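S.K.: Below is one structure. I have some questions about it.
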Amino acid sequence: MADQYYEDRQKKLEALRELGLDPYGSRFDGVTRNTAIRQQAEKLGLDAGQTDESTRVRAAGRIVLRRVMGKLAFLTIRDSTGDLQIGISKAKVGDGWALVKLLDLGDIIGVDGPLGRTKTNEITIWADSLTMLSKCLRTPPSEWHGLQDIDARYRQRYVDLFKNSAVMQAFLSRSRIIDAVRGHMRGLGFIEVETPMLQPMYGGAAARPFTTHHNTLDMDLFLRISPELYLKRLLVGGMERVYEINRNFRNEGISPRHNPEFTMMECYQAYGDLTDMMSVVEGVVSACVEALGGGFKRPFKDLELDFTPPWPRRTYTELLREHAGVELADVEAVRRKAASIGIEGAKMDDAVVANKLFEATVEDHLIQPVFVTEYPAAICPLTRRKPDDPSLAIRFEAFAAGMELGNAYTELNDPAVQRETLSAQVKGEGDETMAVMDEDFLTALEYGMPPAGGLGVGIDRLVMVLTDSPSIRDVILFPLQRKLGVGE
């Protein structure tokens, strides 16, 4: 049956050509968005059944509803802003009625005509001219949302976008969020920069990289896991406030919170510290909330999140005590508790075990926006230590809905201490995914990097919580999917 529908549409395509019509159209300028047309109609103040012949508009979009009743047809076309009804009378369009009979759901058309309302008060363009812009050869699904088609939605996002208006709105919101981030950072005096995605040495985070090979140079390269070490080089060079909205790549798992390719906003502020980065986070999120509208209290799944600043501060140690029932300083108790919930920590550093325990027992409880401070220094090799307790790093992570949204440091700028902490990682005393030694970065520090605060904010997760999207794949246009097997 599916093949029959395809063949029927192919026949209509040929019929269009026989009529001298190009099934794939050409330039169609002067189009007004559907939402703007609806707003224009509201201002006209027309009553039901009225048409303003002097108010002509031009629209274009995909047909999502089609009703033909004798010599009258009604189409609903959809663009990125919403839906709009088109009314077509055979008497008015004349020879154009032949085109109407060849139209299918999914076709993209252009329309010209006066603006009015039907007797049922529906805003309508009464077409006196129709233009074929693109023939749809595949029948759009009648239902394209819900869990029954979740995998297909991600694989065929192009269908998901035009069939599910909520999906379109989520991605338009994502664009507004990124614009708001840029605007806020620009207002703070940060300049936007670009650093390499292909790097000869990965660093700046605890993650496994994707590797590739450059044929001409005959050298292995890595897709970046973080832009941190390059952005810090710019601080050395005298760029005092820099940020990058960047794509990062980590060769790790896929989950509702993780995608191997993801977007971060990472920034560094010379002469700043951790408290400045807290202000940046609160300011960025506030700017995004204001760009979307709807206030600081926002739904997410079955929760209500309140992003009103200032956010509370909690220490890593007190949260571990509260939810895991152990003291961070009591290494044996931490290991026993970790083992009791299935964390195999025999080959892990003490601080790594503690962090695995923290992730397992604490993070799901961090529902309302909060800054978690004072992480174990051993898992933060790029971070300055607390002067009164070098076992703790001057670091925070921002959480909401049980997810990390951002990570920030008072940056380590002492080259000797930095060499020591990176050497510990190389020797396997910390997380093995950070076991690299970037000598050029250490050389840069020896030229002198100003004291600084640094921050990374996960854009995908921020979009998730601000648009009530349950999975990170709902806010990434083309998330990575497993290859379909033969016959699937």
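By order of appearance in the structure tokens: chains A, B, ..., then residues from 1 within every chain, and ligands from 1 in the order shown.
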Check segment 110-290 of chain A with DSSP on the backbone and list each residue it calls helix (DSSP H, G or I), as an NGL selection string.
M.R.: :A and (147-155 or 157-163 or 165-187 or 228-236 or 274-290)
S.K.: With C-alpha atoms retained, write the just-selected residues as a tab-separated table (two decimals), in the first residue's frame.
M.R.:
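Full text of result.tsv as output:
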chain	number	residue	atom	x	y	z
A	147	LEU	CA	6.94	7.20	22.33
A	148	GLN	CA	5.74	4.83	19.62
A	149	ASP	CA	7.82	6.70	17.03
A	150	ILE	CA	10.53	8.20	19.23
A	151	ASP	CA	13.43	6.63	17.33
A	152	ALA	CA	11.98	7.56	13.94
A	153	ARG	CA	11.43	11.13	15.14
A	154	TYR	CA	15.13	11.54	15.84
A	155	ARG	CA	16.21	9.82	12.64
A	157	ARG	CA	13.90	15.14	12.28
A	158	TYR	CA	12.88	16.88	9.07
A	159	VAL	CA	9.50	15.15	9.34
A	160	ASP	CA	9.30	15.64	13.09
A	161	LEU	CA	9.74	19.39	12.65
A	162	PHE	CA	6.90	19.94	10.21
A	163	LYS	CA	4.50	17.43	11.77
A	165	SER	CA	4.71	22.13	16.06
A	166	ALA	CA	5.91	21.69	19.66
A	167	VAL	CA	9.20	20.32	18.34
A	168	MET	CA	9.60	23.30	16.02
A	169	GLN	CA	8.93	25.66	18.92
A	170	ALA	CA	11.51	23.89	21.11
A	171	PHE	CA	14.22	24.49	18.51
A	172	LEU	CA	13.16	28.08	17.95
A	173	SER	CA	13.46	28.47	21.73
A	174	ARG	CA	16.94	26.96	21.58
A	175	SER	CA	17.93	29.61	19.07
A	176	ARG	CA	16.55	32.36	21.31
A	177	ILE	CA	18.45	30.91	24.27
A	178	ILE	CA	21.76	30.95	22.39
A	179	ASP	CA	21.07	34.52	21.23
A	180	ALA	CA	20.37	35.50	24.84
A	181	VAL	CA	23.64	33.90	26.01
A	182	ARG	CA	25.58	35.84	23.38
A	183	GLY	CA	23.84	39.07	24.23
A	184	HIS	CA	24.49	38.70	27.95
A	185	MET	CA	28.15	37.82	27.48
A	186	ARG	CA	28.62	40.72	25.09
A	187	GLY	CA	27.03	43.01	27.67
A	228	GLU	CA	39.65	25.19	28.07
A	229	LEU	CA	43.40	25.05	27.52
A	230	TYR	CA	43.20	27.12	24.33
A	231	LEU	CA	40.98	29.75	25.93
A	232	LYS	CA	43.44	30.03	28.82
A	233	ARG	CA	46.22	30.58	26.31
A	234	LEU	CA	44.23	33.61	25.15
A	235	LEU	CA	44.26	34.98	28.70
A	236	VAL	CA	48.04	34.69	28.59
A	274	LEU	CA	34.58	31.66	41.39
A	275	THR	CA	32.13	34.27	42.67
A	276	ASP	CA	32.26	36.12	39.36
A	277	MET	CA	31.40	32.90	37.57
A	278	MET	CA	28.40	32.37	39.85
A	279	SER	CA	27.15	35.79	38.78
A	280	VAL	CA	27.72	34.88	35.12
A	281	VAL	CA	25.67	31.68	35.48
A	282	GLU	CA	22.78	33.44	37.21
A	283	GLY	CA	22.92	36.26	34.66
A	284	VAL	CA	23.02	33.96	31.65
A	285	VAL	CA	20.10	31.86	32.88
A	286	SER	CA	18.11	34.99	33.76
A	287	ALA	CA	18.71	36.39	30.27
A	288	CYS	CA	17.52	33.12	28.72
A	289	VAL	CA	14.40	33.03	30.90
A	290	GLU	CA	13.56	36.60	29.91
S.K.: Write out as a JSON list (two decimals) with C-alpha atoms, in the first residue's frame each polymer residue whose atoms come within 12 Å of segment 325-337 of chain A, counting only C-alpha atoms; drop sequence neighbours fewer than 6 positions from it.
M.R.:
[["chain", "number", "residue", "atom", "x", "y", "z"],
["A", 315, "THR", "CA", 29.32, 22.34, 49.88],
["A", 316, "TYR", "CA", 30.23, 18.98, 48.42],
["A", 317, "THR", "CA", 31.14, 17.70, 51.90],
["A", 318, "GLU", "CA", 27.83, 18.59, 53.54],
["A", 319, "LEU", "CA", 25.79, 17.11, 50.67],
["A", 343, "ILE", "CA", 30.80, 0.96, 42.91],
["A", 344, "GLU", "CA", 33.94, -1.05, 42.19],
["A", 345, "GLY", "CA", 36.62, 1.29, 43.45],
["A", 346, "ALA", "CA", 39.63, -0.97, 43.94],
["A", 347, "LYS", "CA", 41.56, 0.58, 41.02],
["A", 348, "MET", "CA", 40.32, 4.12, 41.58],
["A", 349, "ASP", "CA", 41.86, 7.01, 43.46],
["A", 350, "ASP", "CA", 40.08, 7.85, 46.72],
["A", 351, "ALA", "CA", 38.73, 11.11, 45.33],
["A", 352, "VAL", "CA", 37.38, 9.39, 42.23],
["A", 353, "VAL", "CA", 35.54, 6.86, 44.42],
["A", 354, "ALA", "CA", 34.10, 9.71, 46.47],
["A", 355, "ASN", "CA", 32.92, 11.44, 43.32],
["A", 356, "LYS", "CA", 31.30, 8.27, 41.98],
["A", 357, "LEU", "CA", 29.48, 8.01, 45.31],
["A", 358, "PHE", "CA", 28.46, 11.67, 45.10],
["A", 360, "ALA", "CA", 25.13, 8.07, 42.71],
["A", 361, "THR", "CA", 23.67, 9.35, 45.98],
["A", 362, "VAL", "CA", 23.51, 13.15, 45.82],
["A", 374, "GLU", "CA", 34.48, 22.73, 47.31],
["A", 375, "TYR", "CA", 35.05, 19.58, 45.27],
["A", 376, "PRO", "CA", 37.94, 17.20, 46.07],
["A", 377, "ALA", "CA", 41.11, 18.77, 44.64],
["A", 389, "ASP", "CA", 42.54, 23.23, 52.98],
["A", 391, "SER", "CA", 42.53, 18.95, 49.66],
["A", 392, "LEU", "CA", 39.59, 20.98, 48.33]]
S.K.: If you measure from atom CA of Asn34 of chain A to atom CA of Leu103 of chain A, what distance in Å do you get, rounded to one decimal?
M.R.: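 Taking atom CA of Asn34 of chain A and atom CA of Leu103 of chain A, their separation equals 20.0 Å.
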S.K.: Using only C-alpha atoms, find the one residue out of A:Asp474, A:Asp460, A:Ala378, A:Met201 that sits nearest to Ser423 of chain A.
M.R.: A:Ala378
S.K.: With only C-alpha atoms as the atoms that count, which of A:Arg62, A:Arg473, A:Lys71, A:Arg384 lies nearest to Gly453 of chain A?
M.R.: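 The shortest atom-to-atom distance to Gly453 of chain A comes from A:Arg384.
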S.K.: Given the choices A:Gly448, A:Val457, A:Cys380, A:Ala416, which gets closest to Ala398 of chain A if the distance is worked out from only C-alpha atoms?
M.R.: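 Looking at the shortest contact to Ala398 of chain A, the residue is A:Val457.
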S.K.: What lies within 10 Å of Ile109 of chain A using only C-alpha atoms, ignoring chain neighbours under 6 positions off, as a list of chain:residue names?
M.R.: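 Here the answer would be A:Pro23, A:Tyr24, A:Gly25, A:Phe28, A:Ala59, A:Ala60, A:Gly61, A:Arg62, A:Ile63, A:Ile77, A:Leu103, A:Leu130, A:Thr131, A:Met132, A:Leu133, A:Ser134, A:Lys135.
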S.K.: So which residues of segment 233-340 of chain A fall under strand (DSSP E) by DSSP, listed as a PDB file with N, CA and C atoms, in the first residue's frame?
M.R.:
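Final output, result05.pdb:
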ATOM      1  N   ARG A 241      38.697  38.891  28.625  1.00  0.00           N
ATOM      2  CA  ARG A 241      37.382  38.262  28.794  1.00  0.00           C
ATOM      3  C   ARG A 241      37.022  37.592  27.469  1.00  0.00           C
ATOM      4  N   VAL A 242      37.039  36.275  27.459  1.00  0.00           N
ATOM      5  CA  VAL A 242      36.768  35.529  26.232  1.00  0.00           C
ATOM      6  C   VAL A 242      35.708  34.474  26.494  1.00  0.00           C
ATOM      7  N   TYR A 243      34.941  34.176  25.451  1.00  0.00           N
ATOM      8  CA  TYR A 243      34.003  33.056  25.554  1.00  0.00           C
ATOM      9  C   TYR A 243      33.851  32.417  24.189  1.00  0.00           C
ATOM     10  N   GLU A 244      33.391  31.190  24.223  1.00  0.00           N
ATOM     11  CA  GLU A 244      33.161  30.434  22.985  1.00  0.00           C
ATOM     12  C   GLU A 244      31.925  29.577  23.177  1.00  0.00           C
ATOM     13  N   ILE A 245      31.029  29.623  22.208  1.00  0.00           N
ATOM     14  CA  ILE A 245      29.920  28.661  22.157  1.00  0.00           C
ATOM     15  C   ILE A 245      30.371  27.587  21.194  1.00  0.00           C
ATOM     16  N   ASN A 246      30.684  26.424  21.747  1.00  0.00           N
ATOM     17  CA  ASN A 246      31.487  25.458  21.006  1.00  0.00           C
ATOM     18  C   ASN A 246      30.881  24.068  21.003  1.00  0.00           C
ATOM     19  N   ARG A 247      31.272  23.313  19.991  1.00  0.00           N
ATOM     20  CA  ARG A 247      30.902  21.897  19.927  1.00  0.00           C
ATOM     21  C   ARG A 247      32.048  21.087  20.524  1.00  0.00           C
ATOM     22  N   ASN A 248      31.701  20.205  21.434  1.00  0.00           N
ATOM     23  CA  ASN A 248      32.662  19.291  22.041  1.00  0.00           C
ATOM     24  C   ASN A 248      32.252  17.859  21.722  1.00  0.00           C
ATOM     25  N   PHE A 249      33.228  16.949  21.793  1.00  0.00           N
ATOM     26  CA  PHE A 249      33.009  15.564  21.382  1.00  0.00           C
ATOM     27  C   PHE A 249      33.640  14.636  22.420  1.00  0.00           C
ATOM     28  N   GLU A 261      28.212  14.355  20.921  1.00  0.00           N
ATOM     29  CA  GLU A 261      28.496  15.686  20.379  1.00  0.00           C
ATOM     30  C   GLU A 261      27.547  16.655  21.066  1.00  0.00           C
ATOM     31  N   PHE A 262      28.087  17.672  21.709  1.00  0.00           N
ATOM     32  CA  PHE A 262      27.230  18.564  22.493  1.00  0.00           C
ATOM     33  C   PHE A 262      27.788  19.980  22.462  1.00  0.00           C
ATOM     34  N   THR A 263      26.980  20.929  22.925  1.00  0.00           N
ATOM     35  CA  THR A 263      27.322  22.349  22.850  1.00  0.00           C
ATOM     36  C   THR A 263      27.554  22.915  24.245  1.00  0.00           C
ATOM     37  N   MET A 264      28.649  23.661  24.372  1.00  0.00           N
ATOM     38  CA  MET A 264      28.975  24.340  25.627  1.00  0.00           C
ATOM     39  C   MET A 264      29.181  25.829  25.364  1.00  0.00           C
ATOM     40  N   MET A 265      28.903  26.629  26.389  1.00  0.00           N
ATOM     41  CA  MET A 265      29.396  27.998  26.416  1.00  0.00           C
ATOM     42  C   MET A 265      30.488  28.019  27.466  1.00  0.00           C
ATOM     43  N   GLU A 266      31.710  28.298  27.040  1.00  0.00           N
ATOM     44  CA  GLU A 266      32.830  28.320  27.976  1.00  0.00           C
ATOM     45  C   GLU A 266      33.443  29.713  27.966  1.00  0.00           C
ATOM     46  N   CYS A 267      33.712  30.244  29.162  1.00  0.00           N
ATOM     47  CA  CYS A 267      34.232  31.608  29.253  1.00  0.00           C
ATOM     48  C   CYS A 267      35.312  31.698  30.319  1.00  0.00           C
ATOM     49  N   TYR A 268      36.186  32.712  30.164  1.00  0.00           N
ATOM     50  CA  TYR A 268      37.263  32.976  31.124  1.00  0.00           C
ATOM     51  C   TYR A 268      37.362  34.482  31.334  1.00  0.00           C
ATOM     52  N   GLN A 269      37.484  34.859  32.597  1.00  0.00           N
ATOM     53  CA  GLN A 269      37.538  36.267  32.968  1.00  0.00           C
ATOM     54  C   GLN A 269      38.805  36.539  33.773  1.00  0.00           C
ATOM     55  N   ALA A 270      39.729  37.286  33.176  1.00  0.00           N
ATOM     56  CA  ALA A 270      40.945  37.660  33.889  1.00  0.00           C
ATOM     57  C   ALA A 270      40.588  38.521  35.094  1.00  0.00           C
ATOM     58  N   LYS A 297       9.786  30.650  37.317  1.00  0.00           N
ATOM     59  CA  LYS A 297       9.292  29.337  37.746  1.00  0.00           C
ATOM     60  C   LYS A 297       8.821  28.594  36.504  1.00  0.00           C
ATOM     61  N   ARG A 298       9.494  27.463  36.233  1.00  0.00           N
ATOM     62  CA  ARG A 298       9.262  26.783  34.972  1.00  0.00           C
ATOM     63  C   ARG A 298       9.033  25.290  35.203  1.00  0.00           C
ATOM     64  N   PRO A 299       8.108  24.684  34.438  1.00  0.00           N
ATOM     65  CA  PRO A 299       7.874  23.247  34.577  1.00  0.00           C
ATOM     66  C   PRO A 299       8.983  22.449  33.922  1.00  0.00           C
ATOM     67  N   PHE A 300       9.319  21.319  34.538  1.00  0.00           N
ATOM     68  CA  PHE A 300      10.221  20.357  33.912  1.00  0.00           C
ATOM     69  C   PHE A 300       9.788  18.978  34.377  1.00  0.00           C
ATOM     70  N   LEU A 303       8.095  18.492  37.742  1.00  0.00           N
ATOM     71  CA  LEU A 303       8.666  19.402  38.725  1.00  0.00           C
ATOM     72  C   LEU A 303       8.332  20.848  38.360  1.00  0.00           C
ATOM     73  N   GLU A 304       8.506  21.733  39.340  1.00  0.00           N
ATOM     74  CA  GLU A 304       8.523  23.166  39.067  1.00  0.00           C
ATOM     75  C   GLU A 304       9.860  23.690  39.559  1.00  0.00           C
ATOM     76  N   LEU A 305      10.661  24.202  38.641  1.00  0.00           N
ATOM     77  CA  LEU A 305      11.986  24.710  38.963  1.00  0.00           C
ATOM     78  C   LEU A 305      11.924  26.223  39.082  1.00  0.00           C
ATOM     79  N   ASP A 306      12.549  26.752  40.129  1.00  0.00           N
ATOM     80  CA  ASP A 306      12.558  28.191  40.354  1.00  0.00           C
ATOM     81  C   ASP A 306      13.978  28.716  40.128  1.00  0.00           C
ATOM     82  N   ARG A 313      23.980  28.084  47.887  1.00  0.00           N
ATOM     83  CA  ARG A 313      25.297  27.456  47.815  1.00  0.00           C
ATOM     84  C   ARG A 313      25.345  26.326  48.842  1.00  0.00           C
ATOM     85  N   ARG A 314      25.781  25.155  48.402  1.00  0.00           N
ATOM     86  CA  ARG A 314      25.966  24.016  49.299  1.00  0.00           C
ATOM     87  C   ARG A 314      27.340  23.412  49.039  1.00  0.00           C
ATOM     88  N   THR A 315      28.010  22.942  50.096  1.00  0.00           N
ATOM     89  CA  THR A 315      29.321  22.340  49.883  1.00  0.00           C
ATOM     90  C   THR A 315      29.187  20.862  49.550  1.00  0.00           C
TER      91      THR A 315
END
S.K.: Measuring atom to atom with only C-alpha atoms, identify which of A:Val436, A:Ala207, A:Ile367, A:Met239 is nearest to Asn251 of chain A.
M.R.: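 Looking only at the distances to Asn251 of chain A, the closest residue turns out to be A:Ala207.
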S.K.: Nearest to Arg117 of chain A: which of A:Ser340, A:Ser80, A:Thr35, A:Gln85 is it, counting only C-alpha atoms?
M.R.: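 Smallest distance to Arg117 of chain A is found for A:Gln85.
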S.K.: Contacts of Phe222 of chain A at 10 Å or less, counting only C-alpha atoms, minus same-chain residues fewer than 2 places along, as a PyMOL selection string?
M.R.: chain A and resi 197-203+208-213+220+224-225+249
S.K.: Measuring between only C-alpha atoms, which one of A:Gln156, A:Thr373, A:Ser54, A:Thr32 shows the shortest distance to Leu477 of chain A?
M.R.: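 Checking each candidate against Leu477 of chain A, we get A:Gln156 as the closest.
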S.K.: Excluding Gly96 of chain A and its own-chain neighbours fewer than 4 positions away, which residues fall within 8 Å of it when counting only C-alpha atoms? Please give them as a list in words.
M.R.: Lys90, Val100, Ser129 and Leu130 of chain A
S.K.: Any chance you can output those residues with N, CA and C atoms as a tab-separated table (two decimals), in the first residue's frame?
M.R.:
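This is the output file selection-v1.tsv:
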chain	number	residue	atom	x	y	z
A	90	LYS	N	-13.27	27.60	-6.85
A	90	LYS	CA	-13.01	27.27	-8.26
A	90	LYS	C	-13.34	28.46	-9.15
A	100	VAL	N	-5.29	22.52	-7.70
A	100	VAL	CA	-5.87	22.13	-6.41
A	100	VAL	C	-6.12	20.63	-6.37
A	129	SER	N	-4.58	33.19	-6.35
A	129	SER	CA	-3.43	32.66	-7.08
A	129	SER	C	-2.73	31.62	-6.21
A	130	LEU	N	-2.43	30.48	-6.80
A	130	LEU	CA	-1.69	29.40	-6.13
A	130	LEU	C	-0.42	29.12	-6.92
S.K.: Work out how far atom CA of Leu366 of chain A is from atom CA of Ile379 of chain A, in Å to one decimal.
M.R.: 20.5 Å
S.K.: Env of Leu72 of chain A: 7 Å cut, atoms = only C-alpha atoms, seq-sep filter 4 positions within chain, self excluded. Answer as a short mmCIF file (atom, residue, chain, number, x, y, z; two decimals) with N, CA and C atoms, in the first residue's frame.
M.R.:
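This went into out.cif:
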data_model
loop_
_atom_site.label_atom_id
_atom_site.label_comp_id
_atom_site.auth_asym_id
_atom_site.auth_seq_id
_atom_site.Cartn_x
_atom_site.Cartn_y
_atom_site.Cartn_z
N VAL A 68 -11.63 19.21 0.27
CA VAL A 68 -12.23 19.66 -0.99
C VAL A 68 -13.71 19.31 -0.95
N ILE A 88 -10.12 28.37 -1.13
CA ILE A 88 -9.97 28.39 -2.58
C ILE A 88 -11.32 28.12 -3.23
N SER A 89 -11.75 29.05 -4.05
CA SER A 89 -12.98 28.89 -4.82
C SER A 89 -12.63 28.62 -6.27
N LYS A 90 -13.27 27.60 -6.85
CA LYS A 90 -13.01 27.27 -8.26
C LYS A 90 -13.34 28.46 -9.15
#
